[in-house]
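Notes to accompany the following structure.
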Amino acid sequence: MCTTCGCGQADLRLDGKAHAHSHGHGLGSDRGGRRRVSLEESLLAKNDALAAGNRRRFAERGILALNLVSSPGSGKTTLLEQTILRLQGRIPVSVIEGDQQTSQDADRIRATGAPALQINTGKGCHLDAHMVGHALDHLDPTEGSVLMIENVGNLVCPAAFDLGEAAKVVILSVTEGEDKPLKYPDMFAAAGLMLLTKVDLLPHLRFDVAQCLAHARRIRPDLQILRVSAQTGEGLEAWIGWIEARRAVAQKA
Amino acid sequence: MHELSLLEGMVQGLEEEARRQGFVRIHQVRLEVGRLSGAEPEALRFAFGPATEGTLAEGAELVLLEAPGTGLCRACGAEVEIGARFDPCPACGEGFVDVTGGTELRIKDIDVE
């Protein structure tokens with residue numbers, strides 16, 4: 001954390017480079033006595049304003065931005081690799097990778113040929129709209145493209161932080177518990193799509209798919225859910241179809 | 001921790017407010033916390049010290065104004081109070097409740113000099 005203003009971004013790194021951003025720590029002059037200042041402002045107001053700015057940038061360039069959220073180890077990066085390979089030659093894709101440390105995920109994405117930028121949040125447990133705005137300056141996604149933002153693996157904090165995306169896609173793997181939607185209701189309530197991943201492993205597990213889907217729909221009765229496997233390719237065409245339909249909407253807007 | 005990052009963002013906003021409004025010290029922060037806001041009052045109290053340390057709000061009192069979660073039942077249409085997003089309607093015991101209130105996490109006001 002930045003010890004002067006507590007902005008939490010002192011150890012933020014973009015593709016390994018330190019985050020150079022003036023925080024302006026100077027204080028205004030004292031205009032006298034003790035008083036009460038009414039604010040009535042959301043704790044997330046600053047992030048929401050920056051997210052609105054990102055959303056305008058996406059709209060102006062017809063870019064579909066998706067915010068991929070999940071627990072660590074749900075298979076987000078593997079799914080992204082397979083998604084990029086299937087979209088290759090049809091739709092340009094770029095990726096913002098959020099992790100506390102390392103640039104391994106961005107390296108994996110670049111190996112598919114897609115441009116990727118790694119954000120290291122340091123101690124931060126989620127991406128915020130400010131980080132994504134800076135990443136957009138560097139990455140500069142092409143007009144009409146799809147931007148995948150792989151958030152830090154965490155089902156709590158990313159629910160509250162709008163990045164300017166068209167939709168949050170929540171990813172749950174069958175090696176986790178069926179009850180995750182009930183344990184992390186805010187994330188499932190905020191999601192526009194749920195992907196149930198690693199379904200090729202189901203024969204080896206005691207994961208109850210019907211119960212998991214029922215839990216998710218208890219939070220969001222109208223939540224669209226797709227079952228996919230990045231290993232066998234099962235369900236990936238439906239996922240690609242969902243992306244294409246959302247991209248058509250983003251381009252018309 | 002979720003509450004710590006929320007409060008760090010808040011302190012950053014307050015630093016900016018201080019420059020705009022010309023105050024140098026915050027004695028009290030009053031926060032409205034909805035039951036369905038995703039932030040826990042206990043965790044907010046715990047994180048407030050670390051989040052404000054070394055800032056103009058160091059040592060300030062945190063007052064939490066807690067608001068209940070409210071919603072509208074899809075089945076019976078009742079306006080009800082709920083403790084969590086996935087609670088069934090307490091009136092009919094059946095329906096899905098669409099949240100209508102209690103998601104706020106807002107700085108009401110601050111006591112400054």
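Simple scheme: letters A, B, ... for chains in structure tokens order, numbers from 1 for residues in each chain, numbers from 1 for ligands in the order shown.
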
key: Proximal residues of chain B relative to chain A (only C-alpha atoms; 8 Å) as an MDAnalysis selection string   = chainID B and resid 1:2 5:13 15 18:24 38 51:55 85:86 96 104:113

Would you write out those residues with C-alpha atoms, as a compact mmCIF listing (two decimals), in the first residue's frame?
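And here is the file that came out, out-v8.txt:
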# COMPACT_ATOMS: atom_id res chain seq x y z
CA MET B 1 -9.21 -8.37 2.40
CA HIS B 2 -12.17 -6.87 0.59
CA SER B 5 -9.31 -2.32 -0.31
CA LEU B 6 -12.69 -0.60 -0.11
CA LEU B 7 -11.46 1.61 2.73
CA GLU B 8 -8.17 2.33 0.95
CA GLY B 9 -10.21 3.60 -2.00
CA MET B 10 -12.30 5.66 0.39
CA VAL B 11 -9.24 7.28 1.99
CA GLN B 12 -7.91 8.17 -1.45
CA GLY B 13 -11.24 9.88 -2.23
CA GLU B 15 -7.62 12.99 0.39
CA ALA B 18 -9.59 17.52 1.49
CA ARG B 19 -7.74 19.31 -1.29
CA ARG B 20 -11.03 20.53 -2.84
CA GLN B 21 -12.65 21.62 0.41
CA GLY B 22 -9.54 22.69 2.29
CA PHE B 23 -9.56 20.52 5.42
CA VAL B 24 -6.50 18.83 6.89
CA GLY B 38 -21.00 -7.37 0.51
CA ALA B 51 -6.43 1.84 6.03
CA THR B 52 -6.23 5.28 7.62
CA GLU B 53 -2.80 4.96 9.25
CA GLY B 54 -0.51 7.80 8.20
CA THR B 55 -3.34 9.67 6.48
CA ARG B 85 -29.42 -12.47 -1.22
CA PHE B 86 -30.58 -16.05 -1.56
CA PHE B 96 -37.33 -15.52 -5.15
CA GLU B 104 -25.44 0.67 -0.32
CA LEU B 105 -21.95 1.32 0.94
CA ARG B 106 -21.77 5.08 1.15
CA ILE B 107 -19.95 7.80 3.02
CA LYS B 108 -22.73 9.78 4.64
CA ASP B 109 -20.61 12.59 6.01
CA ILE B 110 -17.33 13.40 7.70
CA ASP B 111 -16.39 15.58 10.65
CA VAL B 112 -13.35 17.63 9.63
CA GLU B 113 -11.20 20.60 10.47

ask   = Quick one: residues within 12 Å of segment 232-246 of chain A, only C-alpha atoms counted, chain neighbours fewer than 2 positions away excluded, as a PyMOL selection string?
value = chain A and resi 62-66+78-88+90-93+144-148+165-167+169+171+192-201+224-230+248-253

Written file, previous selection with N, CA and C atoms, as a short mmCIF file (atom, residue, chain, number, x, y, z; two decimals), in the first residue's frame:
data_model
loop_
_atom_site.label_atom_id
_atom_site.label_comp_id
_atom_site.auth_asym_id
_atom_site.auth_seq_id
_atom_site.Cartn_x
_atom_site.Cartn_y
_atom_site.Cartn_z
N GLY A 62 -16.30 -0.04 -30.51
CA GLY A 62 -17.01 -1.29 -30.78
C GLY A 62 -16.32 -2.51 -30.20
N ILE A 63 -15.70 -2.34 -29.03
CA ILE A 63 -14.96 -3.44 -28.40
C ILE A 63 -15.85 -4.13 -27.37
N LEU A 64 -15.88 -5.46 -27.43
CA LEU A 64 -16.58 -6.23 -26.40
C LEU A 64 -15.59 -6.57 -25.30
N ALA A 65 -15.80 -6.03 -24.10
CA ALA A 65 -14.91 -6.32 -22.97
C ALA A 65 -15.62 -7.26 -22.00
N LEU A 66 -14.97 -8.36 -21.67
CA LEU A 66 -15.54 -9.33 -20.72
C LEU A 66 -14.61 -9.44 -19.51
N THR A 78 -6.40 -21.55 -19.26
CA THR A 78 -6.50 -22.63 -20.25
C THR A 78 -7.72 -22.42 -21.14
N LEU A 79 -8.84 -22.04 -20.53
CA LEU A 79 -10.05 -21.78 -21.31
C LEU A 79 -9.81 -20.61 -22.28
N LEU A 80 -9.10 -19.60 -21.81
CA LEU A 80 -8.80 -18.44 -22.67
C LEU A 80 -7.95 -18.86 -23.85
N GLU A 81 -6.94 -19.67 -23.59
CA GLU A 81 -6.08 -20.14 -24.70
C GLU A 81 -6.92 -20.82 -25.77
N GLN A 82 -7.80 -21.71 -25.35
CA GLN A 82 -8.63 -22.45 -26.30
C GLN A 82 -9.62 -21.53 -27.01
N THR A 83 -10.12 -20.53 -26.27
CA THR A 83 -11.07 -19.57 -26.85
C THR A 83 -10.37 -18.76 -27.94
N ILE A 84 -9.17 -18.30 -27.66
CA ILE A 84 -8.41 -17.49 -28.62
C ILE A 84 -8.12 -18.30 -29.87
N LEU A 85 -7.72 -19.57 -29.69
CA LEU A 85 -7.41 -20.42 -30.85
C LEU A 85 -8.64 -20.59 -31.74
N ARG A 86 -9.82 -20.71 -31.10
CA ARG A 86 -11.04 -20.89 -31.90
C ARG A 86 -11.51 -19.62 -32.57
N LEU A 87 -11.14 -18.48 -32.03
CA LEU A 87 -11.55 -17.20 -32.64
C LEU A 87 -10.54 -16.70 -33.66
N GLN A 88 -9.39 -17.37 -33.70
CA GLN A 88 -8.29 -16.92 -34.57
C GLN A 88 -8.74 -16.80 -36.03
N ARG A 90 -10.93 -14.95 -37.13
CA ARG A 90 -12.31 -14.47 -37.22
C ARG A 90 -12.49 -13.17 -36.47
N ILE A 91 -12.05 -13.16 -35.22
CA ILE A 91 -12.22 -11.97 -34.36
C ILE A 91 -10.90 -11.72 -33.63
N PRO A 92 -10.36 -10.49 -33.71
CA PRO A 92 -9.14 -10.21 -32.94
C PRO A 92 -9.43 -10.20 -31.44
N VAL A 93 -8.56 -10.82 -30.69
CA VAL A 93 -8.73 -10.89 -29.23
C VAL A 93 -7.47 -10.35 -28.56
N GLY A 144 -13.42 -3.13 -32.86
CA GLY A 144 -14.22 -4.31 -33.15
C GLY A 144 -13.68 -5.60 -32.55
N SER A 145 -12.69 -5.48 -31.67
CA SER A 145 -12.09 -6.70 -31.11
C SER A 145 -12.79 -7.13 -29.82
N VAL A 146 -12.34 -8.26 -29.31
CA VAL A 146 -12.82 -8.74 -28.01
C VAL A 146 -11.68 -8.58 -27.02
N LEU A 147 -11.97 -7.94 -25.89
CA LEU A 147 -10.96 -7.79 -24.84
C LEU A 147 -11.37 -8.68 -23.67
N MET A 148 -10.53 -9.64 -23.36
CA MET A 148 -10.78 -10.52 -22.22
C MET A 148 -9.96 -10.00 -21.04
N GLU A 165 -16.63 -3.35 -18.13
CA GLU A 165 -16.91 -4.48 -19.01
C GLU A 165 -18.39 -4.53 -19.42
N ALA A 166 -18.64 -5.27 -20.55
CA ALA A 166 -20.02 -5.50 -20.97
C ALA A 166 -20.69 -6.52 -20.06
N ALA A 167 -19.90 -7.49 -19.59
CA ALA A 167 -20.46 -8.52 -18.70
C ALA A 167 -19.35 -9.18 -17.90
N VAL A 169 -18.15 -12.71 -16.54
CA VAL A 169 -18.36 -14.13 -16.80
C VAL A 169 -17.76 -14.87 -15.61
N ILE A 171 -16.64 -18.14 -13.67
CA ILE A 171 -16.19 -19.47 -14.05
C ILE A 171 -16.07 -20.33 -12.80
N GLY A 192 -23.10 -12.11 -15.81
CA GLY A 192 -23.99 -12.18 -16.97
C GLY A 192 -24.00 -13.57 -17.58
N LEU A 193 -23.02 -14.37 -17.23
CA LEU A 193 -22.91 -15.74 -17.75
C LEU A 193 -22.08 -16.55 -16.77
N MET A 194 -22.45 -17.83 -16.63
CA MET A 194 -21.63 -18.73 -15.81
C MET A 194 -21.12 -19.85 -16.71
N LEU A 195 -19.83 -20.11 -16.60
CA LEU A 195 -19.23 -21.25 -17.31
C LEU A 195 -18.87 -22.30 -16.28
N LEU A 196 -19.42 -23.50 -16.47
CA LEU A 196 -19.03 -24.63 -15.62
C LEU A 196 -17.92 -25.36 -16.37
N THR A 197 -16.69 -25.30 -15.84
CA THR A 197 -15.54 -25.79 -16.58
C THR A 197 -15.06 -27.15 -16.07
N LYS A 198 -14.17 -27.76 -16.88
CA LYS A 198 -13.56 -29.06 -16.59
C LYS A 198 -14.60 -30.17 -16.54
N VAL A 199 -15.68 -30.06 -17.34
CA VAL A 199 -16.75 -31.06 -17.26
C VAL A 199 -16.27 -32.43 -17.74
N ASP A 200 -15.11 -32.49 -18.43
CA ASP A 200 -14.56 -33.79 -18.82
C ASP A 200 -14.17 -34.63 -17.61
N LEU A 201 -13.99 -33.97 -16.46
CA LEU A 201 -13.59 -34.70 -15.24
C LEU A 201 -14.78 -35.29 -14.47
N GLN A 224 -27.66 -17.47 -17.32
CA GLN A 224 -27.33 -18.40 -18.40
C GLN A 224 -26.08 -19.18 -18.01
N ILE A 225 -26.12 -20.49 -18.19
CA ILE A 225 -25.01 -21.35 -17.76
C ILE A 225 -24.59 -22.26 -18.91
N LEU A 226 -23.30 -22.31 -19.19
CA LEU A 226 -22.78 -23.20 -20.23
C LEU A 226 -21.79 -24.17 -19.60
N ARG A 227 -21.85 -25.44 -20.00
CA ARG A 227 -20.90 -26.44 -19.51
C ARG A 227 -19.81 -26.61 -20.55
N VAL A 228 -18.57 -26.44 -20.13
CA VAL A 228 -17.48 -26.50 -21.10
C VAL A 228 -16.31 -27.34 -20.60
N SER A 229 -15.50 -27.79 -21.57
CA SER A 229 -14.23 -28.43 -21.24
C SER A 229 -13.19 -27.92 -22.23
N ALA A 230 -12.14 -27.30 -21.71
CA ALA A 230 -11.07 -26.82 -22.58
C ALA A 230 -10.23 -28.00 -23.08
N ALA A 248 -21.66 -8.68 -31.49
CA ALA A 248 -22.54 -8.02 -32.47
C ALA A 248 -23.28 -6.87 -31.80
N VAL A 249 -23.70 -7.07 -30.54
CA VAL A 249 -24.40 -6.01 -29.79
C VAL A 249 -23.44 -4.85 -29.52
N ALA A 250 -22.19 -5.18 -29.14
CA ALA A 250 -21.20 -4.14 -28.82
C ALA A 250 -20.90 -3.29 -30.05
N GLN A 251 -20.92 -3.91 -31.22
CA GLN A 251 -20.59 -3.17 -32.44
C GLN A 251 -21.74 -2.28 -32.90
N LYS A 252 -22.97 -2.70 -32.58
CA LYS A 252 -24.14 -1.90 -32.99
C LYS A 252 -24.32 -0.69 -32.08
N ALA A 253 -23.85 -0.81 -30.87
CA ALA A 253 -24.10 0.24 -29.87
C ALA A 253 -23.43 1.56 -30.25
#

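The gap separating atom CA of Val99 of chain B from atom CA of Leu64 of chain B is 21.3 Å, in Å to one decimal.
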
inquiry  = Could you go through segment 14-243 of chain A and tell me which residues DSSP, when run on the backbone, assigns to strand (DSSP E), listing them as a PyMOL selection string?
reply    = chain A and resi 14+17-18+35-42+64-70+93-99+116-120+146-150+167-173+193-197+225-227

Go ahead and save the residues from that selection, with C-alpha atoms, as a tab-separated table (two decimals), in the first residue's frame.
chain	number	residue	atom	x	y	z
A	14	LEU	CA	2.16	-3.30	-15.62
A	17	LYS	CA	7.20	-2.04	-14.87
A	18	ALA	CA	6.46	0.02	-11.78
A	35	ARG	CA	-17.20	21.23	10.57
A	36	ARG	CA	-19.28	18.41	9.14
A	37	VAL	CA	-19.02	17.79	5.40
A	38	SER	CA	-21.90	15.92	3.78
A	39	LEU	CA	-20.69	13.56	1.05
A	40	GLU	CA	-23.44	10.97	0.35
A	41	GLU	CA	-20.95	9.27	-1.91
A	42	SER	CA	-20.55	5.58	-2.64
A	64	LEU	CA	-16.58	-6.23	-26.40
A	65	ALA	CA	-14.91	-6.32	-22.97
A	66	LEU	CA	-15.54	-9.33	-20.72
A	67	ASN	CA	-14.45	-9.56	-17.08
A	68	LEU	CA	-13.57	-13.18	-16.26
A	69	VAL	CA	-13.87	-13.95	-12.57
A	70	SER	CA	-13.39	-17.16	-10.58
A	93	VAL	CA	-8.73	-10.89	-29.23
A	94	SER	CA	-6.50	-9.18	-26.70
A	95	VAL	CA	-6.11	-10.02	-23.04
A	96	ILE	CA	-5.46	-8.21	-19.78
A	97	GLU	CA	-4.12	-10.65	-17.18
A	98	GLY	CA	-4.53	-9.83	-13.52
A	99	ASP	CA	-2.42	-11.65	-10.94
A	116	ALA	CA	-1.58	-9.62	-23.72
A	117	LEU	CA	-0.68	-7.29	-20.89
A	118	GLN	CA	0.06	-8.49	-17.38
A	119	ILE	CA	-1.06	-6.42	-14.42
A	120	ASN	CA	0.54	-7.41	-11.14
A	146	VAL	CA	-12.82	-8.74	-28.01
A	147	LEU	CA	-10.96	-7.79	-24.84
A	148	MET	CA	-10.78	-10.52	-22.22
A	149	ILE	CA	-9.91	-9.27	-18.75
A	150	GLU	CA	-8.81	-12.18	-16.57
A	167	ALA	CA	-20.46	-8.52	-18.70
A	168	LYS	CA	-18.84	-10.47	-15.92
A	169	VAL	CA	-18.36	-14.13	-16.80
A	170	VAL	CA	-18.12	-16.24	-13.65
A	171	ILE	CA	-16.19	-19.47	-14.05
A	172	LEU	CA	-16.72	-22.41	-11.72
A	173	SER	CA	-14.92	-25.71	-12.20
A	193	LEU	CA	-22.91	-15.74	-17.75
A	194	MET	CA	-21.63	-18.73	-15.81
A	195	LEU	CA	-19.23	-21.25	-17.31
A	196	LEU	CA	-19.03	-24.63	-15.62
A	197	THR	CA	-15.54	-25.79	-16.58
A	225	ILE	CA	-25.01	-21.35	-17.76
A	226	LEU	CA	-22.78	-23.20	-20.23
A	227	ARG	CA	-20.90	-26.44	-19.51

inquiry  = Please report the interatomic distance between atom CA of Leu163 of chain A and atom CA of Ile109 of chain A in Å with one decimal.
reply    = 20.5 Å

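Atom CA of Gly122 of chain A is positioned 4.7 Å from atom CA of Gln100 of chain A.
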
ask   = Using the chain letters and numbers from this document, which residues of chain B does DSSP assign to helix (DSSP H, G or I), as number ranges by chain?
value = B: 2-21, 41-52

Keeping only N, CA, C and O atoms, write those residues as a short mmCIF file (atom, residue, chain, number, x, y, z; two decimals), in the first residue's frame.
data_model
loop_
_atom_site.label_atom_id
_atom_site.label_comp_id
_atom_site.auth_asym_id
_atom_site.auth_seq_id
_atom_site.Cartn_x
_atom_site.Cartn_y
_atom_site.Cartn_z
N HIS B 2 -11.24 -7.70 1.34
CA HIS B 2 -12.17 -6.87 0.59
C HIS B 2 -12.42 -5.51 1.26
O HIS B 2 -12.32 -4.46 0.64
N GLU B 3 -12.69 -5.53 2.55
CA GLU B 3 -13.01 -4.30 3.26
C GLU B 3 -11.82 -3.35 3.30
O GLU B 3 -11.99 -2.14 3.23
N LEU B 4 -10.61 -3.93 3.39
CA LEU B 4 -9.42 -3.07 3.42
C LEU B 4 -9.28 -2.32 2.10
O LEU B 4 -9.04 -1.11 2.08
N SER B 5 -9.47 -3.03 0.97
CA SER B 5 -9.31 -2.32 -0.31
C SER B 5 -10.42 -1.28 -0.50
O SER B 5 -10.19 -0.22 -1.07
N LEU B 6 -11.61 -1.59 -0.02
CA LEU B 6 -12.69 -0.60 -0.11
C LEU B 6 -12.33 0.66 0.68
O LEU B 6 -12.52 1.79 0.21
N LEU B 7 -11.80 0.45 1.88
CA LEU B 7 -11.46 1.61 2.73
C LEU B 7 -10.25 2.36 2.18
O LEU B 7 -10.17 3.58 2.30
N GLU B 8 -9.31 1.64 1.56
CA GLU B 8 -8.17 2.33 0.95
C GLU B 8 -8.65 3.25 -0.17
O GLU B 8 -8.17 4.37 -0.32
N GLY B 9 -9.62 2.76 -0.95
CA GLY B 9 -10.21 3.60 -2.00
C GLY B 9 -10.91 4.80 -1.40
O GLY B 9 -10.83 5.93 -1.92
N MET B 10 -11.59 4.57 -0.28
CA MET B 10 -12.30 5.66 0.39
C MET B 10 -11.32 6.74 0.86
O MET B 10 -11.57 7.93 0.66
N VAL B 11 -10.22 6.31 1.47
CA VAL B 11 -9.24 7.28 1.99
C VAL B 11 -8.67 8.11 0.85
O VAL B 11 -8.50 9.32 0.97
N GLN B 12 -8.43 7.46 -0.28
CA GLN B 12 -7.91 8.17 -1.45
C GLN B 12 -8.91 9.26 -1.88
O GLN B 12 -8.53 10.39 -2.17
N GLY B 13 -10.20 8.91 -1.89
CA GLY B 13 -11.24 9.88 -2.23
C GLY B 13 -11.29 11.02 -1.22
O GLY B 13 -11.49 12.18 -1.58
N LEU B 14 -11.10 10.69 0.06
CA LEU B 14 -11.14 11.72 1.11
C LEU B 14 -9.95 12.67 1.01
O LEU B 14 -10.08 13.86 1.28
N GLU B 15 -8.80 12.13 0.59
CA GLU B 15 -7.62 12.99 0.39
C GLU B 15 -7.93 14.03 -0.69
O GLU B 15 -7.57 15.19 -0.59
N GLU B 16 -8.62 13.58 -1.75
CA GLU B 16 -8.97 14.50 -2.82
C GLU B 16 -9.99 15.53 -2.35
O GLU B 16 -9.91 16.71 -2.69
N GLU B 17 -10.95 15.05 -1.56
CA GLU B 17 -11.98 15.93 -1.01
C GLU B 17 -11.32 17.00 -0.13
O GLU B 17 -11.72 18.17 -0.14
N ALA B 18 -10.28 16.59 0.60
CA ALA B 18 -9.59 17.52 1.49
C ALA B 18 -8.93 18.64 0.69
O ALA B 18 -8.95 19.80 1.10
N ARG B 19 -8.37 18.29 -0.45
CA ARG B 19 -7.74 19.31 -1.29
C ARG B 19 -8.79 20.26 -1.85
O ARG B 19 -8.59 21.47 -1.89
N ARG B 20 -9.95 19.69 -2.27
CA ARG B 20 -11.03 20.53 -2.84
C ARG B 20 -11.63 21.44 -1.80
O ARG B 20 -11.89 22.60 -2.03
N GLN B 21 -11.88 20.88 -0.60
CA GLN B 21 -12.65 21.62 0.41
C GLN B 21 -11.77 22.25 1.48
O GLN B 21 -12.28 22.91 2.38
N PRO B 41 -19.68 -5.25 8.61
CA PRO B 41 -19.39 -4.18 9.57
C PRO B 41 -18.16 -4.48 10.43
O PRO B 41 -17.30 -3.60 10.61
N GLU B 42 -18.04 -5.72 10.93
CA GLU B 42 -16.90 -6.06 11.79
C GLU B 42 -15.58 -5.91 11.05
O GLU B 42 -14.60 -5.39 11.60
N ALA B 43 -15.55 -6.37 9.80
CA ALA B 43 -14.33 -6.29 9.00
C ALA B 43 -14.00 -4.84 8.66
O ALA B 43 -12.83 -4.46 8.59
N LEU B 44 -15.03 -4.01 8.46
CA LEU B 44 -14.80 -2.59 8.19
C LEU B 44 -14.15 -1.93 9.41
O LEU B 44 -13.19 -1.18 9.28
N ARG B 45 -14.68 -2.25 10.62
CA ARG B 45 -14.11 -1.67 11.84
C ARG B 45 -12.67 -2.10 12.01
O ARG B 45 -11.80 -1.31 12.37
N PHE B 46 -12.41 -3.37 11.71
CA PHE B 46 -11.07 -3.93 11.87
C PHE B 46 -10.08 -3.29 10.89
O PHE B 46 -8.94 -2.99 11.24
N ALA B 47 -10.53 -3.05 9.65
CA ALA B 47 -9.63 -2.55 8.60
C ALA B 47 -9.46 -1.03 8.63
O ALA B 47 -8.55 -0.49 8.02
N PHE B 48 -10.35 -0.35 9.34
CA PHE B 48 -10.34 1.12 9.31
C PHE B 48 -9.02 1.69 9.83
O PHE B 48 -8.48 2.63 9.25
N GLY B 49 -8.49 1.12 10.91
CA GLY B 49 -7.22 1.60 11.47
C GLY B 49 -6.08 1.49 10.47
O GLY B 49 -5.47 2.50 10.09
N PRO B 50 -5.80 0.27 9.98
CA PRO B 50 -4.73 0.11 8.99
C PRO B 50 -4.93 0.97 7.74
O PRO B 50 -3.97 1.50 7.19
N ALA B 51 -6.18 1.10 7.29
CA ALA B 51 -6.43 1.84 6.03
C ALA B 51 -6.18 3.34 6.20
O ALA B 51 -5.86 4.03 5.24
N THR B 52 -6.35 3.84 7.42
CA THR B 52 -6.23 5.28 7.62
C THR B 52 -4.88 5.69 8.23
O THR B 52 -4.58 6.87 8.33
#

Residue contacts of Cys92 of chain B (12 Å, only C-alpha atoms) excluding same-chain residues fewer than 2 positions away, as an NGL selection string = :B and (72-80 or 87-90 or 94-97)
